[in-house]
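Scroll down for the structure; my scribbles are underneath it.
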Amino acid sequence: MTLDIKQALEVLRQGGVILYPTDTIWGIGCDATSEAAVKRVFDIKKRVDSKALLVLVDSTAKLQGYVDEVPDVAWDLIELSEKPITIIYSGAKNLAKNLLATDGTVGIRVTNEAFSKRLCEAFRKPIVSTSANISGAPVACCFQEISEEIITAVDYVVRYRQDDVVPAVPSSIIKLGIGGEIKIIRP
């Protein structure tokens with residue numbers, strides 16, 4: 001894992017795109033603060049750039065650097081959730097503008113998976129995490145299901161966990177609105 005972290009960091013720091021394991025499914029990732037890198041992710045996925053991308057951070061302490069306000073309920077949701085949870089926050093800041101939703105919101109997940117957590121810690125910035133598939137195609141539940149088109153389009157493919165065949169599932173997605181409104185996007 002250490003060599004993969006080192007090589008993935010080098011690619012991320014140069015504005016490249018990686019394919020990596022997360023706390024949910026395999027993700028296509030890049031520096032979430034780089035508009036050029038985010039554009040490459042949209043191009044690789046053949047996804048319209050009006051659809052927002054989510055980002056990973058390694059700790060709850062990092063949240064406040066990327067959103068104007070973390071509602072109290074968010075802390076409870078993160079702490080009490082039994083599975084990975086992506087929360088959509090209002091008032092995104094310090095992130096590439098082209099990864100945000102048109103309303104200025106951003107989906108952020110605090111990862112606890114060994115590889116993605118260490119990578120986020122070492123990179124010291126949020127990392128984009130979007131499913132490793134062409135937009136509209138089925139989501140790959142393990143590395144073996146990722147298309148060759150995706151694998152050859154990225155700059156670095158992490159080796160760690162490639163042989164893991166336990167089917168992974170995407171995170172829950174919850175949108176927090178103004179005044180404490182909670183909307184479940186994906187249970």
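Naming works like this for the structure tokens: A, B, ... for the chains as they're shown, residue 1 at the start of each chain, ligands 1 onward in shown order.
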If you run DSSP over the backbone, which residues in range 4-174 of chain A end up strand (DSSP E)? Put them as a PDB file with N, CA, C and O atoms, in the first residue's frame.
ATOM      1  N   ILE A  18      -6.383   9.371 -11.011  1.00  0.00           N
ATOM      2  CA  ILE A  18      -6.088   8.023 -10.523  1.00  0.00           C
ATOM      3  C   ILE A  18      -7.364   7.176 -10.474  1.00  0.00           C
ATOM      4  O   ILE A  18      -8.473   7.710 -10.452  1.00  0.00           O
ATOM      5  N   LEU A  19      -7.166   5.876 -10.431  1.00  0.00           N
ATOM      6  CA  LEU A  19      -8.231   4.907 -10.201  1.00  0.00           C
ATOM      7  C   LEU A  19      -7.870   4.235  -8.887  1.00  0.00           C
ATOM      8  O   LEU A  19      -6.779   3.669  -8.768  1.00  0.00           O
ATOM      9  N   TYR A  20      -8.754   4.318  -7.881  1.00  0.00           N
ATOM     10  CA  TYR A  20      -8.363   3.887  -6.543  1.00  0.00           C
ATOM     11  C   TYR A  20      -9.526   3.318  -5.737  1.00  0.00           C
ATOM     12  O   TYR A  20     -10.677   3.644  -5.982  1.00  0.00           O
ATOM     13  N   GLY A  27     -13.047   4.301  -7.218  1.00  0.00           N
ATOM     14  CA  GLY A  27     -13.309   5.649  -7.679  1.00  0.00           C
ATOM     15  C   GLY A  27     -12.283   6.166  -8.662  1.00  0.00           C
ATOM     16  O   GLY A  27     -11.135   5.731  -8.683  1.00  0.00           O
ATOM     17  N   ILE A  28     -12.733   7.090  -9.475  1.00  0.00           N
ATOM     18  CA  ILE A  28     -11.839   7.883 -10.309  1.00  0.00           C
ATOM     19  C   ILE A  28     -11.592   9.136  -9.493  1.00  0.00           C
ATOM     20  O   ILE A  28     -12.538   9.771  -9.016  1.00  0.00           O
ATOM     21  N   GLY A  29     -10.320   9.487  -9.294  1.00  0.00           N
ATOM     22  CA  GLY A  29     -10.022  10.603  -8.420  1.00  0.00           C
ATOM     23  C   GLY A  29      -9.010  11.574  -8.977  1.00  0.00           C
ATOM     24  O   GLY A  29      -8.228  11.240  -9.873  1.00  0.00           O
ATOM     25  N   LEU A  54     -18.512  14.236  -6.081  1.00  0.00           N
ATOM     26  CA  LEU A  54     -18.286  14.283  -4.636  1.00  0.00           C
ATOM     27  C   LEU A  54     -16.797  14.205  -4.332  1.00  0.00           C
ATOM     28  O   LEU A  54     -15.998  13.845  -5.187  1.00  0.00           O
ATOM     29  N   VAL A  55     -16.459  14.563  -3.117  1.00  0.00           N
ATOM     30  CA  VAL A  55     -15.060  14.536  -2.698  1.00  0.00           C
ATOM     31  C   VAL A  55     -14.912  13.792  -1.383  1.00  0.00           C
ATOM     32  O   VAL A  55     -15.854  13.696  -0.593  1.00  0.00           O
ATOM     33  N   LEU A  56     -13.719  13.259  -1.174  1.00  0.00           N
ATOM     34  CA  LEU A  56     -13.375  12.578   0.067  1.00  0.00           C
ATOM     35  C   LEU A  56     -12.424  13.442   0.877  1.00  0.00           C
ATOM     36  O   LEU A  56     -11.541  14.099   0.309  1.00  0.00           O
ATOM     37  N   VAL A  57     -12.605  13.405   2.187  1.00  0.00           N
ATOM     38  CA  VAL A  57     -11.649  13.982   3.125  1.00  0.00           C
ATOM     39  C   VAL A  57     -11.360  12.912   4.172  1.00  0.00           C
ATOM     40  O   VAL A  57     -12.128  11.956   4.327  1.00  0.00           O
ATOM     41  N   ILE A  85     -21.378   7.543   4.341  1.00  0.00           N
ATOM     42  CA  ILE A  85     -22.421   8.525   4.045  1.00  0.00           C
ATOM     43  C   ILE A  85     -21.804   9.766   3.412  1.00  0.00           C
ATOM     44  O   ILE A  85     -20.828  10.314   3.923  1.00  0.00           O
ATOM     45  N   THR A  86     -22.375  10.151   2.291  1.00  0.00           N
ATOM     46  CA  THR A  86     -21.980  11.391   1.623  1.00  0.00           C
ATOM     47  C   THR A  86     -23.039  12.425   1.973  1.00  0.00           C
ATOM     48  O   THR A  86     -24.232  12.169   1.808  1.00  0.00           O
ATOM     49  N   ILE A  87     -22.580  13.569   2.453  1.00  0.00           N
ATOM     50  CA  ILE A  87     -23.509  14.640   2.815  1.00  0.00           C
ATOM     51  C   ILE A  87     -23.303  15.797   1.850  1.00  0.00           C
ATOM     52  O   ILE A  87     -22.167  16.205   1.585  1.00  0.00           O
ATOM     53  N   ILE A  88     -24.414  16.296   1.327  1.00  0.00           N
ATOM     54  CA  ILE A  88     -24.369  17.443   0.418  1.00  0.00           C
ATOM     55  C   ILE A  88     -24.575  18.701   1.254  1.00  0.00           C
ATOM     56  O   ILE A  88     -25.601  18.848   1.939  1.00  0.00           O
ATOM     57  N   TYR A  89     -23.567  19.563   1.210  1.00  0.00           N
ATOM     58  CA  TYR A  89     -23.556  20.801   2.000  1.00  0.00           C
ATOM     59  C   TYR A  89     -23.745  22.019   1.099  1.00  0.00           C
ATOM     60  O   TYR A  89     -23.269  22.043  -0.034  1.00  0.00           O
ATOM     61  N   VAL A 106     -21.927  20.928  -2.453  1.00  0.00           N
ATOM     62  CA  VAL A 106     -20.907  19.909  -2.711  1.00  0.00           C
ATOM     63  C   VAL A 106     -21.179  18.698  -1.818  1.00  0.00           C
ATOM     64  O   VAL A 106     -21.588  18.845  -0.664  1.00  0.00           O
ATOM     65  N   GLY A 107     -20.958  17.518  -2.378  1.00  0.00           N
ATOM     66  CA  GLY A 107     -21.065  16.282  -1.610  1.00  0.00           C
ATOM     67  C   GLY A 107     -19.702  15.912  -1.057  1.00  0.00           C
ATOM     68  O   GLY A 107     -18.726  15.834  -1.809  1.00  0.00           O
ATOM     69  N   ILE A 108     -19.632  15.714   0.252  1.00  0.00           N
ATOM     70  CA  ILE A 108     -18.362  15.361   0.904  1.00  0.00           C
ATOM     71  C   ILE A 108     -18.580  14.132   1.769  1.00  0.00           C
ATOM     72  O   ILE A 108     -19.564  14.046   2.510  1.00  0.00           O
ATOM     73  N   ARG A 109     -17.640  13.197   1.676  1.00  0.00           N
ATOM     74  CA  ARG A 109     -17.672  12.015   2.536  1.00  0.00           C
ATOM     75  C   ARG A 109     -16.366  11.919   3.303  1.00  0.00           C
ATOM     76  O   ARG A 109     -15.292  12.098   2.733  1.00  0.00           O
ATOM     77  N   VAL A 110     -16.478  11.653   4.587  1.00  0.00           N
ATOM     78  CA  VAL A 110     -15.300  11.420   5.427  1.00  0.00           C
ATOM     79  C   VAL A 110     -15.014   9.925   5.325  1.00  0.00           C
ATOM     80  O   VAL A 110     -15.826   9.101   5.740  1.00  0.00           O
ATOM     81  N   ILE A 127     -10.028  14.842  -2.288  1.00  0.00           N
ATOM     82  CA  ILE A 127      -9.826  14.107  -3.529  1.00  0.00           C
ATOM     83  C   ILE A 127     -11.189  13.754  -4.110  1.00  0.00           C
ATOM     84  O   ILE A 127     -12.066  13.258  -3.401  1.00  0.00           O
ATOM     85  N   VAL A 128     -11.358  14.021  -5.401  1.00  0.00           N
ATOM     86  CA  VAL A 128     -12.591  13.645  -6.082  1.00  0.00           C
ATOM     87  C   VAL A 128     -12.752  12.135  -5.989  1.00  0.00           C
ATOM     88  O   VAL A 128     -11.774  11.385  -6.061  1.00  0.00           O
ATOM     89  N   THR A 130     -15.515   9.625  -7.798  1.00  0.00           N
ATOM     90  CA  THR A 130     -16.703   9.347  -8.590  1.00  0.00           C
ATOM     91  C   THR A 130     -16.591   7.926  -9.111  1.00  0.00           C
ATOM     92  O   THR A 130     -15.484   7.419  -9.309  1.00  0.00           O
ATOM     93  N   SER A 131     -17.701   7.274  -9.285  1.00  0.00           N
ATOM     94  CA  SER A 131     -17.698   5.867  -9.678  1.00  0.00           C
ATOM     95  C   SER A 131     -16.868   5.622 -10.934  1.00  0.00           C
ATOM     96  O   SER A 131     -16.850   6.427 -11.860  1.00  0.00           O
ATOM     97  N   TYR A 156      -2.869   6.693 -13.304  1.00  0.00           N
ATOM     98  CA  TYR A 156      -2.319   5.685 -12.399  1.00  0.00           C
ATOM     99  C   TYR A 156      -3.447   4.814 -11.853  1.00  0.00           C
ATOM    100  O   TYR A 156      -4.495   5.325 -11.451  1.00  0.00           O
ATOM    101  N   VAL A 157      -3.227   3.503 -11.866  1.00  0.00           N
ATOM    102  CA  VAL A 157      -4.180   2.543 -11.318  1.00  0.00           C
ATOM    103  C   VAL A 157      -3.563   1.932 -10.059  1.00  0.00           C
ATOM    104  O   VAL A 157      -2.497   1.307 -10.125  1.00  0.00           O
ATOM    105  N   SER A 172     -24.549   6.129   1.056  1.00  0.00           N
ATOM    106  CA  SER A 172     -25.819   6.838   1.189  1.00  0.00           C
ATOM    107  C   SER A 172     -25.526   8.299   0.860  1.00  0.00           C
ATOM    108  O   SER A 172     -24.418   8.779   1.100  1.00  0.00           O
ATOM    109  N   ILE A 173     -26.519   9.001   0.318  1.00  0.00           N
ATOM    110  CA  ILE A 173     -26.342  10.425   0.035  1.00  0.00           C
ATOM    111  C   ILE A 173     -27.495  11.180   0.671  1.00  0.00           C
ATOM    112  O   ILE A 173     -28.668  10.871   0.431  1.00  0.00           O
ATOM    113  N   ILE A 174     -27.141  12.158   1.494  1.00  0.00           N
ATOM    114  CA  ILE A 174     -28.134  12.983   2.185  1.00  0.00           C
ATOM    115  C   ILE A 174     -27.815  14.445   1.917  1.00  0.00           C
ATOM    116  O   ILE A 174     -26.663  14.860   2.039  1.00  0.00           O
TER     117      ILE A 174
END
Problem - Backbone DSSP call of alpha helix (DSSP H) for range 44-179 of chain A, listed as a PyMOL selection string - result: chain A and resi 44-45+72-80+114-123+148-153
Problem - Residue neighbourhood Ala153 in chain A, 10 Å, only C-alpha atoms, exclusion window fewer than 6 positions, as a PyMOL selection string - result: chain A and resi 17-19+40-41+43-45
File dump, residues just selected, all heavy atoms, as an mmCIF file, in the first residue's frame:
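So the final result, stored in selection_28.cif, reads:
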data_model
loop_
_atom_site.group_PDB
_atom_site.id
_atom_site.type_symbol
_atom_site.label_atom_id
_atom_site.label_comp_id
_atom_site.auth_asym_id
_atom_site.auth_seq_id
_atom_site.Cartn_x
_atom_site.Cartn_y
_atom_site.Cartn_z
ATOM 1 N N VAL A 17 -4.972 11.987 -12.905
ATOM 2 C CA VAL A 17 -6.179 11.275 -12.494
ATOM 3 C C VAL A 17 -5.806 9.848 -12.114
ATOM 4 O O VAL A 17 -5.021 9.201 -12.812
ATOM 5 C CB VAL A 17 -7.224 11.281 -13.632
ATOM 6 C CG1 VAL A 17 -8.462 10.468 -13.243
ATOM 7 C CG2 VAL A 17 -7.622 12.713 -13.984
ATOM 8 N N ILE A 18 -6.383 9.371 -11.011
ATOM 9 C CA ILE A 18 -6.088 8.023 -10.523
ATOM 10 C C ILE A 18 -7.364 7.176 -10.474
ATOM 11 O O ILE A 18 -8.473 7.710 -10.452
ATOM 12 C CB ILE A 18 -5.428 8.044 -9.127
ATOM 13 C CG1 ILE A 18 -6.361 8.652 -8.069
ATOM 14 C CG2 ILE A 18 -4.098 8.790 -9.170
ATOM 15 C CD1 ILE A 18 -5.882 8.515 -6.626
ATOM 16 N N LEU A 19 -7.166 5.876 -10.431
ATOM 17 C CA LEU A 19 -8.231 4.907 -10.201
ATOM 18 C C LEU A 19 -7.870 4.235 -8.887
ATOM 19 O O LEU A 19 -6.779 3.669 -8.768
ATOM 20 C CB LEU A 19 -8.275 3.900 -11.350
ATOM 21 C CG LEU A 19 -9.341 2.813 -11.302
ATOM 22 C CD1 LEU A 19 -10.743 3.415 -11.295
ATOM 23 C CD2 LEU A 19 -9.181 1.885 -12.512
ATOM 24 N N ARG A 40 -10.796 16.674 -16.632
ATOM 25 C CA ARG A 40 -10.342 15.374 -17.156
ATOM 26 C C ARG A 40 -11.223 14.233 -16.654
ATOM 27 O O ARG A 40 -11.525 13.300 -17.391
ATOM 28 C CB ARG A 40 -8.892 15.103 -16.753
ATOM 29 C CG ARG A 40 -7.934 15.787 -17.691
ATOM 30 C CD ARG A 40 -6.604 15.108 -17.907
ATOM 31 N NE ARG A 40 -6.621 13.691 -18.173
ATOM 32 C CZ ARG A 40 -5.831 12.807 -17.571
ATOM 33 N NH1 ARG A 40 -4.957 13.196 -16.663
ATOM 34 N NH2 ARG A 40 -5.890 11.531 -17.870
ATOM 35 N N VAL A 41 -11.636 14.303 -15.392
ATOM 36 C CA VAL A 41 -12.511 13.260 -14.847
ATOM 37 C C VAL A 41 -13.837 13.248 -15.609
ATOM 38 O O VAL A 41 -14.326 12.183 -16.011
ATOM 39 C CB VAL A 41 -12.735 13.443 -13.333
ATOM 40 C CG1 VAL A 41 -13.815 12.491 -12.823
ATOM 41 C CG2 VAL A 41 -11.429 13.227 -12.572
ATOM 42 N N ASP A 43 -14.319 14.215 -18.649
ATOM 43 C CA ASP A 43 -14.021 13.699 -19.985
ATOM 44 C C ASP A 43 -13.879 12.178 -19.970
ATOM 45 O O ASP A 43 -14.405 11.491 -20.849
ATOM 46 C CB ASP A 43 -12.741 14.332 -20.542
ATOM 47 C CG ASP A 43 -12.898 15.821 -20.850
ATOM 48 O OD1 ASP A 43 -14.054 16.309 -20.904
ATOM 49 O OD2 ASP A 43 -11.870 16.485 -21.027
ATOM 50 N N ILE A 44 -13.173 11.644 -18.987
ATOM 51 C CA ILE A 44 -12.972 10.190 -18.879
ATOM 52 C C ILE A 44 -14.310 9.484 -18.711
ATOM 53 O O ILE A 44 -14.567 8.447 -19.336
ATOM 54 C CB ILE A 44 -12.012 9.848 -17.716
ATOM 55 C CG1 ILE A 44 -10.586 10.271 -18.078
ATOM 56 C CG2 ILE A 44 -12.072 8.358 -17.364
ATOM 57 C CD1 ILE A 44 -9.598 10.242 -16.913
ATOM 58 N N LYS A 45 -15.181 10.039 -17.881
ATOM 59 C CA LYS A 45 -16.487 9.423 -17.628
ATOM 60 C C LYS A 45 -17.494 9.708 -18.746
ATOM 61 O O LYS A 45 -18.580 9.122 -18.752
ATOM 62 C CB LYS A 45 -17.058 9.923 -16.302
ATOM 63 C CG LYS A 45 -16.383 9.322 -15.090
ATOM 64 C CD LYS A 45 -17.059 9.713 -13.808
ATOM 65 C CE LYS A 45 -18.473 9.260 -13.638
ATOM 66 N NZ LYS A 45 -18.677 7.846 -13.291
#
Practice task
Name the residues in contact with range 34-36 of chain A at a cut-off of 12 Å, using only C-alpha atoms, excluding same-chain residues fewer than 3 positions from it; report them as an MDAnalysis selection string.
Solution key: chainID A and resid 12:17 29:31 39:43 49 53 94:100 125:128
Same residues, N, CA and C atoms, output as an mmCIF file, in the first residue's frame:
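In the end it all went to out_19.cif:
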data_model
loop_
_atom_site.group_PDB
_atom_site.id
_atom_site.type_symbol
_atom_site.label_atom_id
_atom_site.label_comp_id
_atom_site.auth_asym_id
_atom_site.auth_seq_id
_atom_site.Cartn_x
_atom_site.Cartn_y
_atom_site.Cartn_z
ATOM 1 N N LEU A 12 -1.410 12.841 -8.390
ATOM 2 C CA LEU A 12 -2.346 13.873 -7.948
ATOM 3 C C LEU A 12 -1.686 15.248 -7.910
ATOM 4 N N ARG A 13 -0.473 15.303 -7.408
ATOM 5 C CA ARG A 13 0.237 16.585 -7.307
ATOM 6 C C ARG A 13 0.573 17.179 -8.664
ATOM 7 N N GLN A 14 0.645 16.338 -9.686
ATOM 8 C CA GLN A 14 0.928 16.806 -11.049
ATOM 9 C C GLN A 14 -0.361 17.089 -11.827
ATOM 10 N N GLY A 15 -1.510 17.016 -11.144
ATOM 11 C CA GLY A 15 -2.783 17.291 -11.804
ATOM 12 C C GLY A 15 -3.362 16.104 -12.540
ATOM 13 N N GLY A 16 -2.858 14.906 -12.248
ATOM 14 C CA GLY A 16 -3.323 13.704 -12.930
ATOM 15 C C GLY A 16 -4.556 13.088 -12.294
ATOM 16 N N VAL A 17 -4.972 11.987 -12.905
ATOM 17 C CA VAL A 17 -6.179 11.275 -12.494
ATOM 18 C C VAL A 17 -5.806 9.848 -12.114
ATOM 19 N N GLY A 29 -10.320 9.487 -9.294
ATOM 20 C CA GLY A 29 -10.022 10.603 -8.420
ATOM 21 C C GLY A 29 -9.010 11.574 -8.977
ATOM 22 N N CYS A 30 -9.050 12.778 -8.429
ATOM 23 C CA CYS A 30 -8.102 13.829 -8.784
ATOM 24 C C CYS A 30 -8.124 14.869 -7.672
ATOM 25 N N ASP A 31 -7.275 15.859 -7.797
ATOM 26 C CA ASP A 31 -7.233 16.991 -6.877
ATOM 27 C C ASP A 31 -8.549 17.759 -7.001
ATOM 28 N N LYS A 39 -11.956 18.535 -14.917
ATOM 29 C CA LYS A 39 -12.421 18.448 -16.306
ATOM 30 C C LYS A 39 -12.012 17.115 -16.922
ATOM 31 N N ARG A 40 -10.796 16.674 -16.632
ATOM 32 C CA ARG A 40 -10.342 15.374 -17.156
ATOM 33 C C ARG A 40 -11.223 14.233 -16.654
ATOM 34 N N VAL A 41 -11.636 14.303 -15.392
ATOM 35 C CA VAL A 41 -12.511 13.260 -14.847
ATOM 36 C C VAL A 41 -13.837 13.248 -15.609
ATOM 37 N N PHE A 42 -14.420 14.415 -15.841
ATOM 38 C CA PHE A 42 -15.662 14.485 -16.626
ATOM 39 C C PHE A 42 -15.444 13.894 -18.020
ATOM 40 N N ASP A 43 -14.319 14.215 -18.649
ATOM 41 C CA ASP A 43 -14.021 13.699 -19.985
ATOM 42 C C ASP A 43 -13.879 12.178 -19.970
ATOM 43 N N ASP A 49 -20.739 18.114 -17.516
ATOM 44 C CA ASP A 49 -20.160 18.779 -16.353
ATOM 45 C C ASP A 49 -21.172 19.537 -15.508
ATOM 46 N N LEU A 53 -19.639 16.395 -8.707
ATOM 47 C CA LEU A 53 -18.837 15.260 -8.253
ATOM 48 C C LEU A 53 -18.682 15.367 -6.747
ATOM 49 N N ASN A 94 -13.288 26.812 -1.589
ATOM 50 C CA ASN A 94 -11.917 26.286 -1.735
ATOM 51 C C ASN A 94 -11.851 24.999 -2.544
ATOM 52 N N LEU A 95 -12.802 24.815 -3.458
ATOM 53 C CA LEU A 95 -12.836 23.645 -4.335
ATOM 54 C C LEU A 95 -12.956 24.115 -5.782
ATOM 55 N N ALA A 96 -12.600 23.239 -6.713
ATOM 56 C CA ALA A 96 -12.754 23.569 -8.132
ATOM 57 C C ALA A 96 -14.230 23.871 -8.412
ATOM 58 N N LYS A 97 -14.485 24.971 -9.059
ATOM 59 C CA LYS A 97 -15.873 25.394 -9.318
ATOM 60 C C LYS A 97 -16.625 24.384 -10.181
ATOM 61 N N ASN A 98 -15.916 23.710 -11.102
ATOM 62 C CA ASN A 98 -16.596 22.799 -12.019
ATOM 63 C C ASN A 98 -16.978 21.460 -11.391
ATOM 64 N N LEU A 99 -16.645 21.225 -10.127
ATOM 65 C CA LEU A 99 -17.120 19.985 -9.498
ATOM 66 C C LEU A 99 -18.354 20.232 -8.647
ATOM 67 N N LEU A 100 -18.712 21.513 -8.455
ATOM 68 C CA LEU A 100 -19.867 21.873 -7.621
ATOM 69 C C LEU A 100 -21.168 21.767 -8.408
ATOM 70 N N LYS A 125 -5.421 17.585 0.818
ATOM 71 C CA LYS A 125 -6.506 18.257 0.103
ATOM 72 C C LYS A 125 -7.594 17.214 -0.140
ATOM 73 N N PRO A 126 -8.809 17.670 -0.423
ATOM 74 C CA PRO A 126 -9.849 16.694 -0.763
ATOM 75 C C PRO A 126 -9.557 16.067 -2.127
ATOM 76 N N ILE A 127 -10.028 14.842 -2.288
ATOM 77 C CA ILE A 127 -9.826 14.107 -3.529
ATOM 78 C C ILE A 127 -11.189 13.754 -4.110
ATOM 79 N N VAL A 128 -11.358 14.021 -5.401
ATOM 80 C CA VAL A 128 -12.591 13.645 -6.082
ATOM 81 C C VAL A 128 -12.752 12.135 -5.989
#
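Between CA of Arg118 in chain A and CA of Thr33 in chain A lies a distance of 18.3 Å.
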Problem - Shell around Phe143 in chain A at 12 Å using only C-alpha atoms, local window under 2 positions removed, as a VMD selection string - result: chain A and resid 19 to 22 24 to 28 131 to 133 139 to 141 145 to 148 150 to 151 157 to 168
Practice task
Determine the nearest neighbour of Ala52 in chain A from the options A:Ser129, A:Val11, A:Lys6, A:Lys183, counting only C-alpha atoms.
Solution key: A:Ser129
Handout entry: Within 8 Å of range 102-104 of chain A using only C-alpha atoms, minus same-chain residues under 5 positions, as an MDAnalysis selection string
Key = chainID A and resid 50 52 90:92
May I have the selected residues written with N, CA, C and O atoms, as a PDB file, in the first residue's frame?
ATOM      1  N   SER A  50     -22.457  19.424 -15.844  1.00  0.00           N
ATOM      2  CA  SER A  50     -23.470  20.039 -14.983  1.00  0.00           C
ATOM      3  C   SER A  50     -23.823  19.124 -13.811  1.00  0.00           C
ATOM      4  O   SER A  50     -24.522  19.526 -12.894  1.00  0.00           O
ATOM      5  N   ALA A  52     -22.650  17.332 -10.521  1.00  0.00           N
ATOM      6  CA  ALA A  52     -21.602  17.549  -9.524  1.00  0.00           C
ATOM      7  C   ALA A  52     -20.856  16.254  -9.214  1.00  0.00           C
ATOM      8  O   ALA A  52     -21.367  15.155  -9.435  1.00  0.00           O
ATOM      9  N   SER A  90     -24.358  23.041   1.636  1.00  0.00           N
ATOM     10  CA  SER A  90     -24.454  24.341   0.965  1.00  0.00           C
ATOM     11  C   SER A  90     -23.159  25.105   1.209  1.00  0.00           C
ATOM     12  O   SER A  90     -22.406  24.796   2.131  1.00  0.00           O
ATOM     13  N   GLY A  91     -22.938  26.116   0.410  1.00  0.00           N
ATOM     14  CA  GLY A  91     -21.827  27.025   0.652  1.00  0.00           C
ATOM     15  C   GLY A  91     -20.453  26.420   0.459  1.00  0.00           C
ATOM     16  O   GLY A  91     -19.560  26.640   1.274  1.00  0.00           O
ATOM     17  N   ALA A  92     -20.258  25.677  -0.631  1.00  0.00           N
ATOM     18  CA  ALA A  92     -18.946  25.087  -0.914  1.00  0.00           C
ATOM     19  C   ALA A  92     -17.917  26.189  -1.127  1.00  0.00           C
ATOM     20  O   ALA A  92     -18.220  27.263  -1.660  1.00  0.00           O
TER      21      ALA A  92
END
Exercise for the section: Figure out the distance between CA of Lys46 in chain A and CA of Ile5 in chain A, please, to one decimal in Å. Expected result: 26.7 Å
